[in-house]
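Visitor: One structure, as structure tokens, below. Some questions next.
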Amino acid sequence: MTTVWPAGYHAAAAFTFDVDAESAVLSENPANSSRMSLMGHQSYGPRIGVPRLLDMLGRQGITATFFVPGFTADCYPDVVRRIVGEGHEVGHHGYLHEPMQGISASTEASYIDRGLDALDRVGVRPSGYRAPWWELNWHSPDLLLERGFRYDSSLFDDDRPYRFRGTAGASSLVEIPVNWALDDWQPYGFYPGWTGSGVIESPESVRGRWLLEAQALHAEGGSFVLTNHPFLSGRPARVLALERLISEVKALPGMWVTTLDTIARHVEATDHDIRTVRRIEAAEFETRG
């Protein structure tokens, strides 16, 4: 079923920010805490990048979605409060940006609950979830539904939002898909000995790439979901390029620029075609050989 957008709109766009701060480098290796320069590279996000991005979003008159690990909320509560105070959405992004692949349901539940407790401490009860590293497990949707989440934004299997059932029953989540090509980590992410190739792209080149993606998704009536990290895209030249991109996306005829929660509420209310996600078991394809 093709998503039917609100009257007057042809497609949707959401600008999202993962406020990882130090969490991702610490979850990868706790010994990274001894690397003063690397830790400063990450703390630039909440200390400098987020305020600069909030000022830019204010100039553009749009609301965005910020996914905040619980560790970030514990370390930078005033930053999270400012995000909320300026009208933006805060979503859940794990506690310490934990590695998610293949973990048990009980372990994953503990990560989700710890993140929820941290967000509760700054007065946030999120409706949306984005898995660290965009890595869902087959049991993840049921854990999210049990905790009252409305939507997830971690999967890659469509260009439009949709509803899908968990494995445990009739309840459903809204999925708002993402795309690695619409993430700033690939063109901007580099730190010696931790991540990236060392090839850092020009912000203008990146803006042009993302604009082409936005134009193509707009032409098909899809959803353009951009993911930025404030420690990367909060740098001055990158904010200038991002602001230009936002202006260009806003100018696309019938483009609905809003938060992921607003998109999810619309899909929840209007899309009655609920998918059942089918898991292919190893034994199934092994027997076909």
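Just so we're on the same page: first chain in the structure tokens is A, next is B, and so on; residues restart at 1 for each chain, and ligands are numbered from 1 in the order they show up.
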Counting only C-alpha atoms, what are the residues of segment 168-193 of chain A within 10 Å of segment 126-137 of chain A, and for each of them which pair of atoms is the nearest and at what distance in Å, to one decimal? Sort the table by chain and rising number, as JSON lines.

Guide:
```
{"residue": "A:Leu173", "atom": "CA", "partner": "A:Gly128", "partner_atom": "CA", "distance": 9.8}
{"residue": "A:Val174", "atom": "CA", "partner": "A:Gly128", "partner_atom": "CA", "distance": 9.3}
{"residue": "A:Glu175", "atom": "CA", "partner": "A:Gly128", "partner_atom": "CA", "distance": 9.7}
{"residue": "A:Ile176", "atom": "CA", "partner": "A:Arg130", "partner_atom": "CA", "distance": 9.8}
{"residue": "A:Val178", "atom": "CA", "partner": "A:Trp134", "partner_atom": "CA", "distance": 8.5}
{"residue": "A:Asn179", "atom": "CA", "partner": "A:Trp134", "partner_atom": "CA", "distance": 9.7}
{"residue": "A:Trp180", "atom": "CA", "partner": "A:Trp134", "partner_atom": "CA", "distance": 9.5}
```

Visitor: Let me see the file: selected residues, C-alpha atoms, as a PDB file, in the first residue's frame.

Guide:
```
ATOM      1  CA  LEU A 173       4.675  -0.659  15.238  1.00  0.00           C
ATOM      2  CA  VAL A 174       5.148   1.996  12.620  1.00  0.00           C
ATOM      3  CA  GLU A 175       8.467   1.617  10.813  1.00  0.00           C
ATOM      4  CA  ILE A 176      10.034   4.732   9.271  1.00  0.00           C
ATOM      5  CA  VAL A 178      16.420   4.682   6.958  1.00  0.00           C
ATOM      6  CA  ASN A 179      19.209   4.494   4.392  1.00  0.00           C
ATOM      7  CA  TRP A 180      22.989   4.365   4.830  1.00  0.00           C
TER       8      TRP A 180
END
```

Visitor: If we count only C-alpha atoms and set the cut-off at 8 Å, which residues sit around Ile274 of chain A, ignoring sequence neighbours fewer than 6 positions away in its own chain? Please answer as a count of residues only.

Guide: 5

Visitor: Taking the DSSP secondary structure from the backbone, can you list the residues of segment 75-282 of chain A that are alpha helix (DSSP H), as a count of residues only?

Guide: 86

Visitor: Write out as an mmCIF file with C-alpha atoms, in the first residue's frame which residues come within 7 Å of segment 49-59 of chain A when counting only C-alpha atoms, dropping same-chain ones fewer than 2 positions away.

Guide:
```cif
data_model
loop_
_atom_site.group_PDB
_atom_site.id
_atom_site.type_symbol
_atom_site.label_atom_id
_atom_site.label_comp_id
_atom_site.auth_asym_id
_atom_site.auth_seq_id
_atom_site.Cartn_x
_atom_site.Cartn_y
_atom_site.Cartn_z
ATOM 1 C CA TYR A 44 31.881 18.449 20.733
ATOM 2 C CA GLY A 45 28.455 17.138 19.681
ATOM 3 C CA PRO A 46 26.385 18.055 22.736
ATOM 4 C CA ARG A 47 28.568 20.976 23.830
ATOM 5 C CA GLY A 61 11.421 27.179 11.367
ATOM 6 C CA ILE A 62 11.353 23.370 11.435
ATOM 7 C CA THR A 63 11.153 20.775 14.181
ATOM 8 C CA PRO A 230 26.129 16.596 16.021
ATOM 9 C CA PHE A 231 29.805 15.761 16.609
ATOM 10 C CA GLY A 234 27.601 20.287 13.967
ATOM 11 C CA ARG A 235 30.862 21.680 12.538
ATOM 12 C CA VAL A 239 25.877 23.282 9.311
ATOM 13 C CA GLU A 243 20.910 24.659 6.253
#
```

Visitor: Tell me which protein, DNA and RNA residues are within 12 Å of Cys75 of chain A, counting only C-alpha atoms, leaving out same-chain ones fewer than 5 positions away, and put them as a PDB file with N, CA and C atoms, in the first residue's frame.

Guide:
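Dumped everything to out-v5.pdb:
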```pdb
ATOM      1  N   VAL A  19      22.427  11.914  18.944  1.00  0.00           N
ATOM      2  CA  VAL A  19      23.312  12.649  19.857  1.00  0.00           C
ATOM      3  C   VAL A  19      24.138  11.627  20.656  1.00  0.00           C
ATOM      4  N   ASP A  20      25.032  10.947  19.965  1.00  0.00           N
ATOM      5  CA  ASP A  20      25.772   9.843  20.579  1.00  0.00           C
ATOM      6  C   ASP A  20      26.765  10.321  21.631  1.00  0.00           C
ATOM      7  N   ALA A  21      27.362  11.495  21.438  1.00  0.00           N
ATOM      8  CA  ALA A  21      28.400  11.996  22.338  1.00  0.00           C
ATOM      9  C   ALA A  21      29.458  10.913  22.545  1.00  0.00           C
ATOM     10  N   GLU A  22      29.874  10.678  23.783  1.00  0.00           N
ATOM     11  CA  GLU A  22      30.937   9.706  24.040  1.00  0.00           C
ATOM     12  C   GLU A  22      30.460   8.259  24.037  1.00  0.00           C
ATOM     13  N   SER A  23      29.152   8.033  23.994  1.00  0.00           N
ATOM     14  CA  SER A  23      28.623   6.682  24.206  1.00  0.00           C
ATOM     15  C   SER A  23      29.152   5.668  23.200  1.00  0.00           C
ATOM     16  N   SER A  43      32.516  14.778  22.591  1.00  0.00           N
ATOM     17  CA  SER A  43      31.749  15.716  23.410  1.00  0.00           C
ATOM     18  C   SER A  43      31.459  17.023  22.674  1.00  0.00           C
ATOM     19  N   PRO A  46      27.340  17.379  21.853  1.00  0.00           N
ATOM     20  CA  PRO A  46      26.385  18.055  22.736  1.00  0.00           C
ATOM     21  C   PRO A  46      26.818  19.450  23.176  1.00  0.00           C
ATOM     22  N   ARG A  47      28.120  19.685  23.306  1.00  0.00           N
ATOM     23  CA  ARG A  47      28.568  20.976  23.830  1.00  0.00           C
ATOM     24  C   ARG A  47      28.493  22.099  22.803  1.00  0.00           C
ATOM     25  N   VAL A  68      18.560  10.162  21.475  1.00  0.00           N
ATOM     26  CA  VAL A  68      19.506  10.415  22.561  1.00  0.00           C
ATOM     27  C   VAL A  68      19.755   9.136  23.358  1.00  0.00           C
ATOM     28  N   PRO A  69      20.985   8.606  23.359  1.00  0.00           N
ATOM     29  CA  PRO A  69      21.303   7.514  24.280  1.00  0.00           C
ATOM     30  C   PRO A  69      21.128   7.965  25.735  1.00  0.00           C
ATOM     31  N   GLY A  70      20.758   7.029  26.594  1.00  0.00           N
ATOM     32  CA  GLY A  70      20.580   7.380  27.997  1.00  0.00           C
ATOM     33  C   GLY A  70      21.827   7.951  28.632  1.00  0.00           C
ATOM     34  N   VAL A  80      19.627  18.106  26.635  1.00  0.00           N
ATOM     35  CA  VAL A  80      18.374  17.429  26.283  1.00  0.00           C
ATOM     36  C   VAL A  80      17.189  18.319  26.623  1.00  0.00           C
ATOM     37  N   TYR A  95      21.193   2.853  25.726  1.00  0.00           N
ATOM     38  CA  TYR A  95      21.804   3.571  26.848  1.00  0.00           C
ATOM     39  C   TYR A  95      23.226   4.001  26.494  1.00  0.00           C
ATOM     40  N   LEU A  96      24.106   3.040  26.195  1.00  0.00           N
ATOM     41  CA  LEU A  96      25.498   3.361  25.874  1.00  0.00           C
ATOM     42  C   LEU A  96      25.793   3.042  24.411  1.00  0.00           C
ATOM     43  N   ALA A 118      16.921   6.784  32.074  1.00  0.00           N
ATOM     44  CA  ALA A 118      17.723   8.004  31.937  1.00  0.00           C
ATOM     45  C   ALA A 118      16.915   9.127  31.314  1.00  0.00           C
ATOM     46  N   LEU A 119      16.125   8.811  30.281  1.00  0.00           N
ATOM     47  CA  LEU A 119      15.296   9.846  29.659  1.00  0.00           C
ATOM     48  C   LEU A 119      14.208  10.318  30.616  1.00  0.00           C
ATOM     49  N   ARG A 121      14.549  10.738  33.684  1.00  0.00           N
ATOM     50  CA  ARG A 121      15.175  11.677  34.632  1.00  0.00           C
ATOM     51  C   ARG A 121      15.233  13.101  34.084  1.00  0.00           C
ATOM     52  N   VAL A 122      15.153  13.248  32.755  1.00  0.00           N
ATOM     53  CA  VAL A 122      15.114  14.601  32.176  1.00  0.00           C
ATOM     54  C   VAL A 122      13.714  14.938  31.660  1.00  0.00           C
TER      55      VAL A 122
END
```

Visitor: In Å to one decimal, how far is atom CA of Phe67 of chain A from atom CA of Leu260 of chain A?

Guide: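 We find that atom CA of Leu260 of chain A and atom CA of Phe67 of chain A lie 10.6 Å from each other.
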
Visitor: Which one of A:Arg150, A:Gln60, A:Phe71, A:Thr167 sits closest to His266 of chain A if you count only C-alpha atoms?

Guide: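 When distances to His266 of chain A are compared using only C-alpha atoms, the smallest one comes from A:Arg150.
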
Visitor: Provide the atom CA of Thr3 of chain A to atom CA of His229 of chain A distance in Å, to one decimal place.

Guide: 28.0 Å

Visitor: Give me the segment 79-192 of chain A side of the contact with segment 202-213 of chain A, cut-off 9 Å, one line per residue showing its nearest atom pair and distance in Å at one decimal, counting only C-alpha atoms, sorted by chain and residue number, as CSV.

Guide:
```
residue,atom,partner,partner_atom,distance
A:Ala181,CA,A:Trp210,CA,7.9
A:Leu182,CA,A:Trp210,CA,6.5
A:Asp184,CA,A:Val206,CA,8.4
A:Pro187,CA,A:Val206,CA,7.2
A:Tyr188,CA,A:Ser202,CA,8.7
```

Visitor: Excluding segment 8-14 of chain A and its own-chain neighbours fewer than 2 positions away, which residues fall within 9 Å of it when counting only C-alpha atoms? Please give them as a count of residues only.

Guide: 32

Visitor: Determine, counting only C-alpha atoms, which protein, DNA and RNA residues have an atom within 9 Å of an atom of segment 24-27 of chain A; residues of the same chain fewer than 4 positions away are not included. Present the result as a PyMOL selection string.

Guide: chain A and resi 20+31-33+38-39+42+96-99+132+194
